[in-house]
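Student: Sharing a structure with you now.
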Amino acid sequence: MKKRVITILKNALKEVGISLTEKQIQERIELPPTLKMGDYSFPCHFIANKINKKPEQLALEISKKIKETPKGDIENIQVIGPYINFFVNRKDFTKNVLTDIIKKKEKFGSTSLGHKQKIIVEFSSPNIAKPFGIGHLRSTIIGNSIGNICSFQGFKIIKMNYLGDWGTQFGKMICGYKNFGKEEKLKKDPIKYLLKIYVKINKNKKYEEESRSYFKKLENGNKECFLLWKKFKELSLKEFKKIYEKLGIIFNVYSGESMYNKEMKSVVKELQQKKLLRKSRGALVVDLKKYNLGFCLIQKTDGTTLYATRDLASAITRHKKYNFSKMIYEVGQEQKLHFQQIFKVLNLMGYSWAKECIHANHGLYLDKDGKKFSTRKGKTIFMEDILNNTISFAKKEISKREEKISKKELEHRALKVALAAIFYGDLKNTRTQNIVFNPKKFTSFEGDTGPYLLYSYARANSILKKCKCKERKILPNKLEKLEFSLIKKLSQFPSSALEAYNNLSPAHIAHYAFELAQDFNEFYDQCHVIDSKEESFRLELVKAFMIVLKNSLNLLGLEPLERM
RNA sequence: GCCCCUGUAGCUCAGUCUGGAUAGAGCGACUGCCUUCUAGAUUUAGAAGAUGAAGAAAGCAGUAGGUCGCAGGUUCGAAUCCUGUCGGGGGCACCA
């Protein structure tokens, strides 16, 4: 139908002496703010500018040239101010949209834009020997969703967890454990105990020298250090995997900084050969001052490596191994400069694929004073606690509404509701914005929340379950306003999904899903589905709603519930 | 000091990339939509309550709430673009 609008416009514009390509016209077509103003609209300001005419007048002139008498799929054309508004035939529109959704089901809205090219999405990436904190929550949820969004556009996605399992901090860990660690305590609650040690060692400056020497030993292959490191890693990974299982997030690859130990030497060599390295204050650096990016530190004075070195090595190795078309790093925005440096260095090294590396940065969770959380100072909120709190709150809410429920069912539903609250609560925010952490946000289930979305789905499901009438795909003569609003919203899902991909922005999907659920609930309130003459059509509409909402939720990393 | 992000309703935020129709949501506040009772009588008033029921109130409708940080500029037109300025956050060499 949009195509028809474009053809009509193209012909009319020609008559007035303006020639635009179909693509140019398509880009200018807008959706009017209200239903009363029509379904598609063409603003005339921008052309009027070029030919020095008043937009209102031009709109009238163009509309007069539209010869084809409005009928068929376009019912009416109106000029309001500088806009030419098109009204579609609602019945045809509805029929097309519903048929399309019900035919394509979970594929509705997806495309094959990616042609199965590979995209690596690196996300979550928690630090070994530290608890899974609020800092990694965003990366985990957003990265997962970005993966789903890209996959929906036909890319082959590799979800990669790049563990922070190497670096000076492990010198600190080993130093702390050797000085005041106890094996029994470690076994009891490994991660929280290791955190205690980490905080303690950071407070005491006299261990700094010793810590660094332990990391040097570790990097040089000292056996005792290696075994301790291995133990920390295994214990941590076990805890992390428990959390991922609860969150329902699956990684294709578990990688880690430690895995690029061998490649690092060759990266340093390569940099030297390409004459990019320079000695500065005893360390090896790449000078990026020309690009306003400062120095990228490659090797410390004591000869050990740094984060940047490992990221360079891993990027090069990954490209060899996977031949990715894009690599997305879902990492906090405080590392923006770091990634700019890495990408620049890769570029200077002559790797043309450097431009396909993207830092999809996210804003930080700030504490209630608006300051950054810091693990080093022991100021963290544990993922485990957030999850457990939200789950127990969800349990209370569910039991309030349904007493006779099996324990197993309660556990299952409470987990799904809690995840919806947490995931949606995070994803609805603009990715790059900082968020002040407020635990109450996750335990509020009304209004613009994840549980509201699940509720709407369950509500729709209940209608279908209770209705025994047979399907007859009859469209009513007159569509109610709320019915048509819902249908229009349904039709917008594909462009929402595409927009989310273009901006790597799950928030687009989150906002769409909320508006969709709102439209559905309005429709539900006003239009009774059962015992109405329109029932068969409305049942189709409810079905289509469920499909589209489910697709949206899946993109966010959530599963809807049939009952809540 | 330099670089990046940011300031929209009491609170939390969309909208800013790509300037256009009355600046939108959610929370909080107030009102109504549910049930029972009493009076009144098809369109009412008061009080109380919540329901184990289901076409699920985890909902819907309405009211109040805005100098889009401030000051200039560009434009027929600015929350949106440009400049300046003030407030908040993050980063800036041996952490990741």
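Letters A, B, ... mark the chains of the structure tokens in the order given; residue numbers begin at 1 per chain; ligand numbers begin at 1, in order shown.
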Counting only C-alpha atoms (C1' of nucleotides), what is within 12 Å of G24 of chain B, bar same-chain residues fewer than 5 positions away, as a list of chain:residue names?
Tutor: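 With the cut-off at 12 Å, the set is A:Pro33, A:Glu515, B:U8, B:A9, B:C13, B:A14, B:G15, B:G66.
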Student: Print the selection's residues with N, CA and C atoms (P, O5', C5', C4', C3', O3' and C1' of nucleotides) to a file, as a JSON list (two decimals), in the first residue's frame.
Tutor:
[["chain", "number", "residue", "atom", "x", "y", "z"],
["A", 33, "PRO", "N", 0.57, 11.74, 13.25],
["A", 33, "PRO", "CA", 0.48, 11.51, 14.69],
["A", 33, "PRO", "C", -0.85, 10.90, 15.14],
["A", 515, "GLU", "N", 4.14, -0.16, 23.73],
["A", 515, "GLU", "CA", 3.05, 0.51, 23.03],
["A", 515, "GLU", "C", 2.06, -0.51, 22.47],
["B", 8, "U", "P", 15.99, 17.29, 32.67],
["B", 8, "U", "O5'", 15.11, 17.67, 31.42],
["B", 8, "U", "C5'", 14.65, 19.00, 31.24],
["B", 8, "U", "C4'", 13.40, 19.01, 30.41],
["B", 8, "U", "C3'", 12.24, 18.22, 30.97],
["B", 8, "U", "O3'", 11.52, 18.96, 31.94],
["B", 8, "U", "C1'", 12.53, 17.65, 28.71],
["B", 9, "A", "P", 11.12, 18.31, 33.29],
["B", 9, "A", "O5'", 9.52, 18.32, 33.26],
["B", 9, "A", "C5'", 8.81, 19.50, 33.65],
["B", 9, "A", "C4'", 7.55, 19.12, 34.38],
["B", 9, "A", "C3'", 7.74, 18.19, 35.57],
["B", 9, "A", "O3'", 6.94, 18.61, 36.66],
["B", 9, "A", "C1'", 6.17, 17.28, 34.05],
["B", 13, "C", "P", 16.64, 8.60, 34.86],
["B", 13, "C", "O5'", 15.64, 8.92, 33.66],
["B", 13, "C", "C5'", 15.98, 8.65, 32.35],
["B", 13, "C", "C4'", 14.79, 8.09, 31.62],
["B", 13, "C", "C3'", 14.69, 8.50, 30.16],
["B", 13, "C", "O3'", 15.56, 7.71, 29.36],
["B", 13, "C", "C1'", 12.56, 8.65, 31.14],
["B", 14, "A", "P", 16.11, 8.28, 27.97],
["B", 14, "A", "O5'", 14.95, 7.79, 27.01],
["B", 14, "A", "C5'", 14.14, 8.46, 26.46],
["B", 14, "A", "C4'", 13.11, 7.80, 25.61],
["B", 14, "A", "C3'", 13.09, 8.40, 24.21],
["B", 14, "A", "O3'", 13.88, 7.63, 23.32],
["B", 14, "A", "C1'", 10.97, 8.67, 25.22],
["B", 15, "G", "P", 14.93, 8.38, 22.38],
["B", 15, "G", "O5'", 14.05, 9.47, 21.65],
["B", 15, "G", "C5'", 13.13, 9.10, 20.63],
["B", 15, "G", "C4'", 12.27, 10.28, 20.27],
["B", 15, "G", "C3'", 13.02, 11.47, 19.71],
["B", 15, "G", "O3'", 13.23, 11.33, 18.32],
["B", 15, "G", "C1'", 11.48, 12.20, 21.36],
["B", 66, "G", "P", 2.93, 23.29, 34.88],
["B", 66, "G", "O5'", 4.13, 22.91, 33.95],
["B", 66, "G", "C5'", 5.28, 22.17, 34.35],
["B", 66, "G", "C4'", 6.28, 22.32, 33.23],
["B", 66, "G", "C3'", 6.23, 23.65, 32.51],
["B", 66, "G", "O3'", 7.48, 24.31, 32.63],
["B", 66, "G", "C1'", 6.17, 21.82, 30.96]]
Student: Which residues are close to Pro451 of chain A, i.e. within 12 Å by only C-alpha atoms (C1' of nucleotides), leaving aside same-chain residues fewer than 2 positions away? Reply as a PyMOL selection string.
Tutor: (chain A and resi 390+394+397-398+413-425+441-449+453-459+513-514+517+553+558-561+563-564) or (chain B and resi 58)
Student: Counting only C-alpha atoms (C1' of nucleotides), which residues of chain B sit at most 12 Å from some atom of chain A, and what is each one's closest atom pair with its distance in Å to one decimal, listed by chain and rising residue number, as a Markdown table?
Tutor:
| residue | atom | partner | partner_atom | distance |
| --- | --- | --- | --- | --- |
| B:C2 | C1' | A:Asn292 | CA | 10.0 |
| B:C3 | C1' | A:Asn292 | CA | 8.2 |
| B:C4 | C1' | A:Lys336 | CA | 8.2 |
| B:C5 | C1' | A:Gln433 | CA | 7.9 |
| B:U6 | C1' | A:Gln433 | CA | 8.0 |
| B:U12 | C1' | A:Lys441 | CA | 9.2 |
| B:C13 | C1' | A:Asn429 | CA | 7.6 |
| B:A14 | C1' | A:His511 | CA | 8.3 |
| B:G15 | C1' | A:Thr430 | CA | 11.7 |
| B:C17 | C1' | A:Asn503 | CA | 9.8 |
| B:U18 | C1' | A:Glu27 | CA | 9.5 |
| B:G19 | C1' | A:Phe46 | CA | 10.7 |
| B:G20 | C1' | A:His45 | CA | 7.6 |
| B:A21 | C1' | A:Pro33 | CA | 7.8 |
| B:U22 | C1' | A:Pro33 | CA | 10.1 |
| B:G24 | C1' | A:Pro33 | CA | 10.9 |
| B:A25 | C1' | A:Asp448 | CA | 8.1 |
| B:G26 | C1' | A:Asp448 | CA | 5.2 |
| B:C27 | C1' | A:Gly447 | CA | 8.1 |
| B:C33 | C1' | A:Asp525 | CA | 10.4 |
| B:U51 | C1' | A:Arg401 | CA | 10.2 |
| B:G52 | C1' | A:Glu402 | CA | 7.6 |
| B:A53 | C1' | A:Arg401 | CA | 10.7 |
| B:A54 | C1' | A:Ser462 | CA | 9.4 |
| B:G55 | C1' | A:Ile463 | CA | 6.1 |
| B:A56 | C1' | A:Arg459 | CA | 6.2 |
| B:A57 | C1' | A:Asp525 | CA | 10.9 |
| B:A58 | C1' | A:Glu446 | CA | 5.7 |
| B:G59 | C1' | A:Asn521 | CA | 7.1 |
| B:C60 | C1' | A:Asp525 | CA | 5.9 |
| B:A61 | C1' | A:Glu522 | CA | 9.4 |
| B:U75 | C1' | A:Asn49 | CA | 10.7 |
| B:C76 | C1' | A:Lys54 | CA | 8.1 |
| B:G77 | C1' | A:His45 | CA | 9.6 |
| B:G88 | C1' | A:Gly370 | CA | 8.4 |
| B:G89 | C1' | A:Gly370 | CA | 7.5 |
| B:G90 | C1' | A:Glu334 | CA | 5.7 |
| B:G91 | C1' | A:Glu334 | CA | 6.1 |
| B:C92 | C1' | A:Gly294 | CA | 7.8 |
| B:A93 | C1' | A:Leu297 | CA | 6.2 |
| B:C94 | C1' | A:Lys300 | CA | 4.8 |
| B:C95 | C1' | A:Thr168 | CA | 7.1 |
| B:A96 | C1' | A:Tyr307 | CA | 6.5 |
Student: Please identify all polymer residues within 10 Å of Ile201 of chain A, counting only C-alpha atoms (C1' of nucleotides), omitting same-chain residues fewer than 2 positions from it, and present them as number ranges by chain.
Tutor: A: 172-173, 175-177, 179-180, 195-199, 203-208, 211, 376
Student: Write the selection just made, keeping C-alpha atoms, as a tab-separated table (two decimals), in the first residue's frame?
Tutor:
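Below you can see result34.tsv, which holds the result:
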chain	number	residue	atom	x	y	z
A	172	LYS	CA	46.86	-8.99	43.64
A	173	MET	CA	44.56	-11.99	44.11
A	175	CYS	CA	49.37	-12.07	46.71
A	176	GLY	CA	46.33	-11.58	48.93
A	177	TYR	CA	45.50	-15.27	49.08
A	179	ASN	CA	49.26	-13.61	52.66
A	180	PHE	CA	45.95	-14.08	54.39
A	195	LEU	CA	36.20	-10.42	46.86
A	196	LYS	CA	37.04	-9.90	50.53
A	197	ILE	CA	40.67	-10.62	49.79
A	198	TYR	CA	40.61	-8.33	46.78
A	199	VAL	CA	39.18	-5.42	48.72
A	203	LYS	CA	43.27	-1.01	50.76
A	204	ASN	CA	46.83	-1.84	51.72
A	205	LYS	CA	49.38	-0.09	49.54
A	206	LYS	CA	52.37	-2.00	50.89
A	207	TYR	CA	51.41	-5.06	48.83
A	208	GLU	CA	51.48	-3.25	45.47
A	211	SER	CA	51.33	-8.06	43.70
A	376	ARG	CA	37.98	-2.36	44.17
Student: Quick one: distance from atom CA of Leu277 of chain A to atom CA of Phe226 of chain A in Å, one decimal?
Tutor: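 Distance between the two atoms: 29.7 Å.
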Student: List every residue of segment 369-424 of chain A that DSSP, applied to the backbone of this structure, assigns to strand (DSSP E or B), and report them as a PyMOL selection string.
Tutor: chain A and resi 372+374+379+382
Student: For a test of reading the model, state the distance in Å between atom CA of Ser41 of chain A and atom CA of Lys67 of chain A, rounded to one decimal.
Tutor: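 Interatomic distance here is 17.7 Å.
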Student: Calculated over only C-alpha atoms (C1' of nucleotides), which of the candidates B:C34, B:C81, B:G87, B:G10 has the smallest distance to G69 of chain B?
Tutor: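 Of B:C34, B:C81, B:G87, B:G10, the one nearest G69 of chain B is B:G87, counting only C-alpha atoms (C1' of nucleotides).
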Student: Could you pull the residues within 12 Å of U63 of chain B, counting only C-alpha atoms (C1' of nucleotides), minus those fewer than 6 positions along the same chain, as a ChimeraX atom specification?
Tutor: /B:29-32
Student: Looking at A:Ile149, A:Ile134, A:Ile25, A:Tyr351, which one is nearest to Ile381 of chain A, with distances taken over only C-alpha atoms?
Tutor: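 Nearest candidate to Ile381 of chain A out of A:Ile149, A:Ile134, A:Ile25, A:Tyr351: A:Ile134.
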Student: Please, what distance in Å, to one decimal, runs between atom C1' of C70 of chain B and atom CA of His362 of chain A?
Tutor: 29.0 Å
Student: When DSSP is applied to the backbone of this structure, which of segment 237-486 of chain A are assigned alpha helix (DSSP H)? Write them out as a ChimeraX atom specification.
Tutor: /A:237-247,261-273,307-322,336-348,383-401,407-427,439-442,450-466,481-486
Student: Compile the contact shell of Gln492 of chain A as a ChimeraX atom specification: residues with an atom at most 9 Å away, counting only C-alpha atoms (C1' of nucleotides), same-chain residues fewer than 4 positions apart removed.
Tutor: /A:109,487-488,496-497,512
Student: Could you list, as a tab-separated table (two decimals) with C-alpha atoms (C1' of nucleotides), in the first residue's frame, every residue within 12 Å of segment 35-40 of chain B, counting only C-alpha atoms (C1' of nucleotides) and ignoring same-chain residues fewer than 6 positions away?
Tutor:
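Once everything was written out, this is selection-v5.tsv:
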chain	number	residue	atom	x	y	z
B	46	G	C1'	-23.56	7.82	51.30
B	47	A	C1'	-20.75	4.02	53.78
B	48	A	C1'	-17.90	-0.19	53.77
B	49	G	C1'	-15.13	-3.92	51.22
B	50	A	C1'	-12.18	-6.22	48.71
B	51	U	C1'	-12.97	-10.73	45.71
B	53	A	C1'	-13.89	-15.56	40.42
Student: Which residues are close to Asn11 of chain A, i.e. within 10 Å by only C-alpha atoms (C1' of nucleotides), leaving aside same-chain residues fewer than 5 positions away? Reply as a tab-separated table (two decimals) with N, CA and C atoms, in the first residue's frame.
Tutor:
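That gives us part-v1.tsv:
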chain	number	residue	atom	x	y	z
A	6	ILE	N	3.49	5.87	-3.06
A	6	ILE	CA	4.69	6.39	-3.71
A	6	ILE	C	4.45	6.62	-5.20
A	16	VAL	N	3.84	18.59	-11.66
A	16	VAL	CA	4.17	19.92	-11.16
A	16	VAL	C	5.59	20.30	-11.56
A	17	GLY	N	6.27	19.36	-12.18
A	17	GLY	CA	7.62	19.66	-12.65
A	17	GLY	C	8.71	19.29	-11.66
A	18	ILE	N	8.40	18.35	-10.76
A	18	ILE	CA	9.42	17.92	-9.80
A	18	ILE	C	9.63	16.42	-10.00
A	19	SER	N	10.87	16.02	-10.20
A	19	SER	CA	11.07	14.58	-10.32
A	19	SER	C	11.92	14.07	-9.17
A	20	LEU	N	11.34	13.13	-8.47
A	20	LEU	CA	12.02	12.49	-7.34
A	20	LEU	C	12.03	10.99	-7.59
A	62	ILE	N	-0.03	20.01	-5.75
A	62	ILE	CA	0.30	18.60	-6.02
A	62	ILE	C	-0.96	17.74	-5.93
A	65	LYS	N	-3.14	17.56	-8.85
A	65	LYS	CA	-2.61	16.81	-10.00
A	65	LYS	C	-2.80	15.30	-9.84
A	66	ILE	N	-3.24	14.92	-8.68
A	66	ILE	CA	-3.46	13.48	-8.48
A	66	ILE	C	-4.73	13.10	-9.22
A	67	LYS	N	-4.50	12.43	-10.35
A	67	LYS	CA	-5.62	12.19	-11.25
A	67	LYS	C	-6.42	10.96	-10.84
A	68	GLU	N	-5.67	9.94	-10.48
A	68	GLU	CA	-6.35	8.67	-10.17
A	68	GLU	C	-7.40	8.91	-9.10
